[in-house]
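Below: the structure, in structure tokens.
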Amino acid sequence: MITLSHIEKTYAGADGAVTALKDISLTVAKGEIFGVIGLSGAGKSTLVRCINLLERPTKGSVIVDGLDMMALSDAELRKARKSIGMIFQHFNLLSSATVYDNVAFPLRLSGMAEDAIRAKVEPLLSLVGLDDKAQQSPSQLSGGQKQRVGIARALASEPKVLLCDEATSALDPQTTKAILELIRDINQKLGLTVVIITHEMQVIKDICDKVAVIEDGVIAEQGPVAEVFLNPRQKITKDFIGVLMGNDLPAELRGVPISEAPIEGGKLLVRLTFFGESANAPVISDLVKGHNIDAAILYGNIDAIKDTPYGRMLLGLSGTPGAVEEALSFLREKDLRIEVIGYVR
Amino acid sequence: MSADVFPLLMKALGETVAMVAVSMIAATAIGVPLGVLLVVTAKGGVLACPALNRVVAAVVNAVRSIPFIILMVAIIPFTRLVVGTSIGTTAAMVPLTLASIPFIGRQVETSLREVPYGIVEAALAMGATPMQIIRRVYLPEALSGIVSQLTTVVIALVGESAMAGAIGGGGLGDLAIRYGYQRFRPEIMLATVVVLIALVQLVQFAGNALAKRLNKKEL
């Protein structure tokens, strides 16, 4: 649905050209929720604006729904933009218009008749749960409600693509959750392709199918969310995930010397990551029953990436060196990721 | 106060109101589009044309830097061309209008610049044309601010119209100078000042009330 190839964006700055994006290539399939995560200033807002050409790339090509966006005339581009909805961090609603008029705005731009507009706006307002707010002014709404108006407005012209520029960054966690649920709902009901720009890994984890991690205007890594989450290769990705997953050792183990060689009377620390089916298998009970060891759970967490459950656990295995080795090979055979941290006393 | 003052005062008030009203309407009709032009042709505007923008801005600054009393005299040939005479209330309307156009242009520009760019960007993302953005985004969003700014212009016009006496334009200022000052009738001076104060208060009050009604940002 969206193909960006070798996008480059430079701005004329005071001391020569500033490169905001370098050789960005990515593909978003139809119906997919694609997340782009990066720190502020990484270039992610510029990247999303390159899709509807609010920012025109200096080099590269942008194909949306088969249209070569860069080759379009002004009038053709305006037409193409009507099938790309966009929502914003600060909502960008017309403060002088009611909720109803805000949602009707894109339809009025297209010169649609008022009764046809009514027939479209009313179902949209109920889709986003704001039927009773139609005649209110945006200033009377909460942040979450304003974003709902933004979503209804973006959907009014029946777009194929929805671009979300930090759409939940100005919202509190509960409201963020509700807005993400709404976006996901729309994605499923309408088959809409969604691109989400965010600096919160939680957003990526909750609703995205694929993710691209962007750093200093370059895509550091990209792929299916579960893959990137469970197997991050770049430091920036690990940092983002670390914030969310609690990769750190429990407080009492921090600063304790970790040895690679077995320690008499010590424990072997092993971090397990369960994903999908394996999350439901009775691995720990099999481990303890089948081997002559003790397993202490030092840390555990169960969550989901989009709809797939995953769990992380830090075990302390103790027993004779032989038994611990055997237990490790048992774990390695299982359908899960294991990371041996080392021995502690 | 003698009985002859009241009719004089009413006549002068009528002249002032006529000068201010006509000049204001004419200047708004040209000044508002001028303000829009200054915003949309600026660098990064929806009809960016920096060269045109610089020229228009320079002309605006040039007209604004001429003191009104000099402008009024300097454009007498032009005034005669437009209204057929260079003296009287009607003639005074021409320089008043001309002086107010760039003033309104700058005031409207200021109000339009206060419209968050995000809203303009949202409209662009929805495929709005530059004209639609002017009509449906900039003007409605800035309306309350524009009304406030125009109120300031009306009050400035009341002040400038006082100088119209120099070309026989009449009005309250003229009355105050000719009767109050030159004929040593302080009571006429005082009465004129009181009427002027009341007029300005009324304009400001009406402008504020209208601007407040139009402002939906804070409720």
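Following the order of the structure tokens, chains are lettered A, B, ..., residues in each are numbered from 1, and ligands are numbered from 1.
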### Task
Considering only C-alpha atoms, extract the chain B residues located within 10 Å of chain A and return them as number ranges by chain.
B: 115-129, 132-133, 136-144, 214-219
Would you write out those residues with N, CA and C atoms, as an mmCIF file, in the first residue's frame?
data_model
loop_
_atom_site.group_PDB
_atom_site.id
_atom_site.type_symbol
_atom_site.label_atom_id
_atom_site.label_comp_id
_atom_site.auth_asym_id
_atom_site.auth_seq_id
_atom_site.Cartn_x
_atom_site.Cartn_y
_atom_site.Cartn_z
ATOM 1 N N VAL B 115 -2.942 31.842 14.109
ATOM 2 C CA VAL B 115 -3.612 30.564 13.830
ATOM 3 C C VAL B 115 -2.515 29.495 13.814
ATOM 4 N N PRO B 116 -2.622 28.464 14.676
ATOM 5 C CA PRO B 116 -1.558 27.463 14.741
ATOM 6 C C PRO B 116 -1.325 26.819 13.371
ATOM 7 N N TYR B 117 -0.044 26.684 13.004
ATOM 8 C CA TYR B 117 0.242 26.115 11.692
ATOM 9 C C TYR B 117 -0.301 24.687 11.583
ATOM 10 N N GLY B 118 -0.380 23.986 12.701
ATOM 11 C CA GLY B 118 -0.900 22.621 12.682
ATOM 12 C C GLY B 118 -2.273 22.519 12.033
ATOM 13 N N ILE B 119 -3.122 23.528 12.266
ATOM 14 C CA ILE B 119 -4.471 23.482 11.694
ATOM 15 C C ILE B 119 -4.389 23.639 10.175
ATOM 16 N N VAL B 120 -3.496 24.526 9.741
ATOM 17 C CA VAL B 120 -3.292 24.718 8.300
ATOM 18 C C VAL B 120 -2.755 23.418 7.697
ATOM 19 N N GLU B 121 -1.808 22.822 8.418
ATOM 20 C CA GLU B 121 -1.218 21.573 7.944
ATOM 21 C C GLU B 121 -2.283 20.468 7.845
ATOM 22 N N ALA B 122 -3.158 20.414 8.840
ATOM 23 C CA ALA B 122 -4.226 19.413 8.816
ATOM 24 C C ALA B 122 -5.100 19.614 7.580
ATOM 25 N N ALA B 123 -5.416 20.872 7.276
ATOM 26 C CA ALA B 123 -6.249 21.156 6.103
ATOM 27 C C ALA B 123 -5.513 20.771 4.820
ATOM 28 N N LEU B 124 -4.210 21.043 4.774
ATOM 29 C CA LEU B 124 -3.414 20.637 3.607
ATOM 30 C C LEU B 124 -3.454 19.122 3.444
ATOM 31 N N ALA B 125 -3.325 18.426 4.587
ATOM 32 C CA ALA B 125 -3.335 16.961 4.551
ATOM 33 C C ALA B 125 -4.681 16.439 4.060
ATOM 34 N N MET B 126 -5.740 17.253 4.229
ATOM 35 C CA MET B 126 -7.066 16.826 3.769
ATOM 36 C C MET B 126 -7.311 17.237 2.324
ATOM 37 N N GLY B 127 -6.301 17.795 1.699
ATOM 38 C CA GLY B 127 -6.439 18.146 0.291
ATOM 39 C C GLY B 127 -7.104 19.489 0.039
ATOM 40 N N ALA B 128 -7.016 20.415 1.016
ATOM 41 C CA ALA B 128 -7.616 21.738 0.828
ATOM 42 C C ALA B 128 -6.770 22.572 -0.133
ATOM 43 N N THR B 129 -7.447 23.400 -0.951
ATOM 44 C CA THR B 129 -6.725 24.316 -1.837
ATOM 45 C C THR B 129 -6.308 25.539 -1.017
ATOM 46 N N GLN B 132 -9.272 27.587 -0.142
ATOM 47 C CA GLN B 132 -10.094 26.971 0.926
ATOM 48 C C GLN B 132 -9.448 27.179 2.285
ATOM 49 N N ILE B 133 -8.128 27.141 2.317
ATOM 50 C CA ILE B 133 -7.447 27.337 3.600
ATOM 51 C C ILE B 133 -7.650 28.770 4.091
ATOM 52 N N ARG B 136 -11.671 28.952 4.855
ATOM 53 C CA ARG B 136 -12.255 28.033 5.838
ATOM 54 C C ARG B 136 -11.381 27.790 7.052
ATOM 55 N N VAL B 137 -10.122 28.173 6.984
ATOM 56 C CA VAL B 137 -9.250 27.977 8.142
ATOM 57 C C VAL B 137 -8.789 29.327 8.704
ATOM 58 N N TYR B 138 -8.016 30.050 7.907
ATOM 59 C CA TYR B 138 -7.424 31.289 8.433
ATOM 60 C C TYR B 138 -8.470 32.286 8.924
ATOM 61 N N LEU B 139 -9.426 32.651 8.041
ATOM 62 C CA LEU B 139 -10.347 33.716 8.436
ATOM 63 C C LEU B 139 -11.253 33.331 9.597
ATOM 64 N N PRO B 140 -11.919 32.160 9.559
ATOM 65 C CA PRO B 140 -12.762 31.828 10.719
ATOM 66 C C PRO B 140 -11.964 31.661 12.011
ATOM 67 N N GLU B 141 -10.771 31.074 11.917
ATOM 68 C CA GLU B 141 -9.983 30.847 13.139
ATOM 69 C C GLU B 141 -9.486 32.170 13.721
ATOM 70 N N ALA B 142 -9.212 33.146 12.848
ATOM 71 C CA ALA B 142 -8.642 34.405 13.321
ATOM 72 C C ALA B 142 -9.704 35.471 13.550
ATOM 73 N N LEU B 143 -10.975 35.132 13.263
ATOM 74 C CA LEU B 143 -12.012 36.169 13.253
ATOM 75 C C LEU B 143 -12.069 36.998 14.534
ATOM 76 N N SER B 144 -12.043 36.311 15.665
ATOM 77 C CA SER B 144 -12.138 37.022 16.934
ATOM 78 C C SER B 144 -10.970 38.002 17.088
ATOM 79 N N LEU B 214 -17.150 35.827 19.513
ATOM 80 C CA LEU B 214 -16.618 35.036 18.400
ATOM 81 C C LEU B 214 -15.525 34.070 18.843
ATOM 82 N N ASN B 215 -14.958 34.329 20.009
ATOM 83 C CA ASN B 215 -13.847 33.494 20.464
ATOM 84 C C ASN B 215 -14.358 32.228 21.123
ATOM 85 N N LYS B 216 -14.118 31.087 20.460
ATOM 86 C CA LYS B 216 -14.604 29.828 21.028
ATOM 87 C C LYS B 216 -13.473 29.049 21.673
ATOM 88 N N LYS B 217 -12.279 29.664 21.689
ATOM 89 C CA LYS B 217 -11.126 28.929 22.207
ATOM 90 C C LYS B 217 -11.218 28.702 23.705
ATOM 91 N N GLU B 218 -11.693 29.729 24.425
ATOM 92 C CA GLU B 218 -11.791 29.568 25.878
ATOM 93 C C GLU B 218 -13.239 29.787 26.274
ATOM 94 N N LEU B 219 -13.771 28.828 26.965
ATOM 95 C CA LEU B 219 -15.168 28.981 27.386
ATOM 96 C C LEU B 219 -15.275 28.840 28.898
#
### Task
Could you tell me, as number ranges by chain, which residues of segment 60-182 of chain B DSSP assigns to helix (DSSP H, G or I) when given the backbone?
B: 60-64, 68-74, 76-83, 89-113, 117-125, 130-167, 172-181
Fewer than 4 positions away in the same chain doesn't count, so skip those; otherwise give me all residues within 9 Å of Ile69 of chain B, counting only C-alpha atoms, as a compact mmCIF listing (two decimals) with N, CA and C atoms, in the first residue's frame.
# COMPACT_ATOMS: atom_id res chain seq x y z
N VAL B 73 -2.21 65.94 2.99
CA VAL B 73 -1.90 67.06 2.10
C VAL B 73 -1.23 66.55 0.81
N ALA B 74 -0.34 65.57 0.99
CA ALA B 74 0.44 65.10 -0.16
C ALA B 74 -0.42 64.45 -1.23
N GLU B 160 -7.28 60.16 14.01
CA GLU B 160 -6.80 60.74 12.76
C GLU B 160 -7.83 61.68 12.14
N MET B 163 -7.76 65.38 12.55
CA MET B 163 -6.86 66.21 11.75
C MET B 163 -7.52 66.64 10.44
N ALA B 164 -8.69 66.05 10.17
CA ALA B 164 -9.34 66.35 8.90
C ALA B 164 -9.73 67.83 8.81
N ALA B 166 -7.93 70.20 8.96
CA ALA B 166 -6.91 70.88 8.16
C ALA B 166 -7.34 71.04 6.70
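Take atom CA of Val18 of chain A and atom CA of Gln222 of chain A: the distance between them is 24.3 Å.
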### Task
Give me the residues within 7 Å of segment 19-36 of chain A as a ChimeraX atom specification, counting only C-alpha atoms and dropping any in the same chain fewer than 5 places off.
/A:1-11,43-44,187,191-198,204,208-214,217-219
Output for the residues just chosen: C-alpha atoms as a JSON list (two decimals), in the first residue's frame:
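The resulting file, selection_27.json, is shown below:
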[["chain", "number", "residue", "atom", "x", "y", "z"],
["A", 1, "MET", "CA", 0.00, 0.00, 0.00],
["A", 2, "ILE", "CA", 2.87, 2.36, 0.85],
["A", 3, "THR", "CA", 6.37, 2.02, -0.55],
["A", 4, "LEU", "CA", 9.09, 4.48, 0.30],
["A", 5, "SER", "CA", 12.32, 3.91, -1.59],
["A", 6, "HIS", "CA", 15.60, 5.56, -0.74],
["A", 7, "ILE", "CA", 14.00, 8.66, 0.71],
["A", 8, "GLU", "CA", 16.32, 11.47, 1.53],
["A", 9, "LYS", "CA", 15.31, 14.81, 2.99],
["A", 10, "THR", "CA", 17.64, 17.74, 3.47],
["A", 11, "TYR", "CA", 16.84, 21.23, 4.67],
["A", 43, "GLY", "CA", 13.21, 12.36, 11.85],
["A", 44, "LYS", "CA", 10.07, 10.31, 12.35],
["A", 187, "ASN", "CA", -8.03, -1.02, 11.23],
["A", 191, "GLY", "CA", -9.26, -2.72, 6.60],
["A", 192, "LEU", "CA", -7.44, 0.57, 6.85],
["A", 193, "THR", "CA", -3.66, 0.64, 6.52],
["A", 194, "VAL", "CA", -2.21, 2.53, 9.48],
["A", 195, "VAL", "CA", 1.18, 4.17, 9.99],
["A", 196, "ILE", "CA", 1.92, 5.17, 13.57],
["A", 197, "ILE", "CA", 4.74, 7.47, 14.59],
["A", 198, "THR", "CA", 5.60, 7.31, 18.26],
["A", 204, "ILE", "CA", 4.23, -0.33, 19.12],
["A", 208, "CYS", "CA", 1.61, -2.67, 15.56],
["A", 209, "ASP", "CA", 2.30, -5.55, 13.23],
["A", 210, "LYS", "CA", 5.61, -4.23, 12.02],
["A", 211, "VAL", "CA", 8.02, -1.70, 13.36],
["A", 212, "ALA", "CA", 10.85, 0.43, 12.04],
["A", 213, "VAL", "CA", 13.26, 1.92, 14.54],
["A", 214, "ILE", "CA", 14.63, 5.24, 13.35],
["A", 217, "GLY", "CA", 17.35, 9.96, 10.15],
["A", 218, "VAL", "CA", 18.24, 6.36, 9.36],
["A", 219, "ILE", "CA", 16.24, 3.18, 9.89]]
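Neighbouring residues of Arg64 of chain B at 7 Å or closer, counting only C-alpha atoms and skipping chain neighbours under 6 positions away, are B:Ala99, B:Pro102, B:Phe103.
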Can you list every residue of segment 243-288 of chain A that has an atom at most 12 Å from segment 294-306 of chain A, with its nearest atom pair and the distance in Å to one decimal, using only C-alpha atoms, ordered by chain then number, as a Markdown table?
| residue | atom | partner | partner_atom | distance |
| --- | --- | --- | --- | --- |
| A:Leu244 | CA | A:Asp303 | CA | 10.6 |
| A:Met245 | CA | A:Asn301 | CA | 8.2 |
| A:Gly246 | CA | A:Asn301 | CA | 8.8 |
| A:Asn247 | CA | A:Tyr299 | CA | 9.9 |
| A:Asp248 | CA | A:Tyr299 | CA | 9.7 |
| A:Leu249 | CA | A:Tyr299 | CA | 7.9 |
| A:Pro250 | CA | A:Tyr299 | CA | 6.8 |
| A:Ala251 | CA | A:Leu298 | CA | 10.2 |
| A:Glu252 | CA | A:Leu298 | CA | 9.7 |
| A:Leu253 | CA | A:Leu298 | CA | 9.3 |
| A:Gly265 | CA | A:Asp294 | CA | 11.8 |
| A:Gly266 | CA | A:Asp294 | CA | 11.4 |
| A:Lys267 | CA | A:Ala295 | CA | 9.0 |
| A:Leu268 | CA | A:Ala295 | CA | 9.4 |
| A:Leu269 | CA | A:Leu298 | CA | 8.9 |
| A:Val270 | CA | A:Leu298 | CA | 9.8 |
| A:Arg271 | CA | A:Tyr299 | CA | 9.0 |
| A:Leu272 | CA | A:Gly300 | CA | 9.3 |
| A:Thr273 | CA | A:Ile302 | CA | 9.6 |
| A:Phe274 | CA | A:Ile302 | CA | 8.9 |
| A:Phe275 | CA | A:Ala304 | CA | 8.8 |
| A:Gly276 | CA | A:Ala304 | CA | 8.9 |
| A:Ala279 | CA | A:Ile302 | CA | 8.6 |
| A:Asn280 | CA | A:Ile302 | CA | 10.7 |
| A:Val283 | CA | A:Ala295 | CA | 11.4 |
| A:Ile284 | CA | A:Ala295 | CA | 7.9 |
| A:Ser285 | CA | A:Ala295 | CA | 9.4 |
| A:Asp286 | CA | A:Ala295 | CA | 11.1 |
| A:Leu287 | CA | A:Ala295 | CA | 8.3 |
| A:Val288 | CA | A:Asp294 | CA | 6.5 |
Just to be explicit: take each residue in the selection above, keep C-alpha atoms, and write the result as an mmCIF file, in the first residue's frame.
data_model
loop_
_atom_site.group_PDB
_atom_site.id
_atom_site.type_symbol
_atom_site.label_atom_id
_atom_site.label_comp_id
_atom_site.auth_asym_id
_atom_site.auth_seq_id
_atom_site.Cartn_x
_atom_site.Cartn_y
_atom_site.Cartn_z
ATOM 1 C CA LEU A 244 9.263 -1.465 28.573
ATOM 2 C CA MET A 245 10.283 -4.993 29.495
ATOM 3 C CA GLY A 246 12.352 -4.525 32.603
ATOM 4 C CA ASN A 247 15.463 -6.234 31.258
ATOM 5 C CA ASP A 248 17.290 -5.238 34.398
ATOM 6 C CA LEU A 249 18.118 -7.671 37.111
ATOM 7 C CA PRO A 250 16.095 -7.441 40.321
ATOM 8 C CA ALA A 251 17.453 -4.868 42.779
ATOM 9 C CA GLU A 252 19.094 -7.379 45.101
ATOM 10 C CA LEU A 253 21.175 -8.815 42.264
ATOM 11 C CA GLY A 265 26.760 -23.240 46.446
ATOM 12 C CA GLY A 266 25.822 -20.497 43.951
ATOM 13 C CA LYS A 267 22.993 -20.111 41.451
ATOM 14 C CA LEU A 268 22.982 -19.952 37.687
ATOM 15 C CA LEU A 269 20.933 -17.027 36.412
ATOM 16 C CA VAL A 270 18.967 -17.818 33.272
ATOM 17 C CA ARG A 271 16.552 -15.481 31.517
ATOM 18 C CA LEU A 272 13.747 -17.218 29.633
ATOM 19 C CA THR A 273 11.476 -15.642 27.070
ATOM 20 C CA PHE A 274 8.311 -17.487 26.164
ATOM 21 C CA PHE A 275 6.410 -16.454 23.104
ATOM 22 C CA GLY A 276 3.120 -17.572 21.602
ATOM 23 C CA ALA A 279 3.999 -19.288 26.880
ATOM 24 C CA ASN A 280 1.335 -21.785 27.856
ATOM 25 C CA VAL A 283 8.171 -25.666 31.244
ATOM 26 C CA ILE A 284 9.163 -24.819 34.815
ATOM 27 C CA SER A 285 7.321 -27.689 36.388
ATOM 28 C CA ASP A 286 8.855 -30.113 33.845
ATOM 29 C CA LEU A 287 12.253 -28.618 34.530
ATOM 30 C CA VAL A 288 12.096 -29.169 38.243
#
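For Gln174 of chain A, the list of residues within 12 Å, based on only C-alpha atoms and with local chain neighbours fewer than 6 positions off taken out, reads A:Gly143, A:Gly144, A:Thr168, A:Leu180, A:Glu181.
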Mind writing the picked residues with C-alpha atoms as a PDB file, in the first residue's frame?
ATOM      1  CA  GLY A 143      -7.723  15.424  25.073  1.00  0.00           C
ATOM      2  CA  GLY A 144      -8.978  11.926  24.335  1.00  0.00           C
ATOM      3  CA  THR A 168      -1.272   9.552  21.730  1.00  0.00           C
ATOM      4  CA  LEU A 180      -5.152   2.766  20.439  1.00  0.00           C
ATOM      5  CA  GLU A 181      -8.058   0.366  20.807  1.00  0.00           C
TER       6      GLU A 181
END
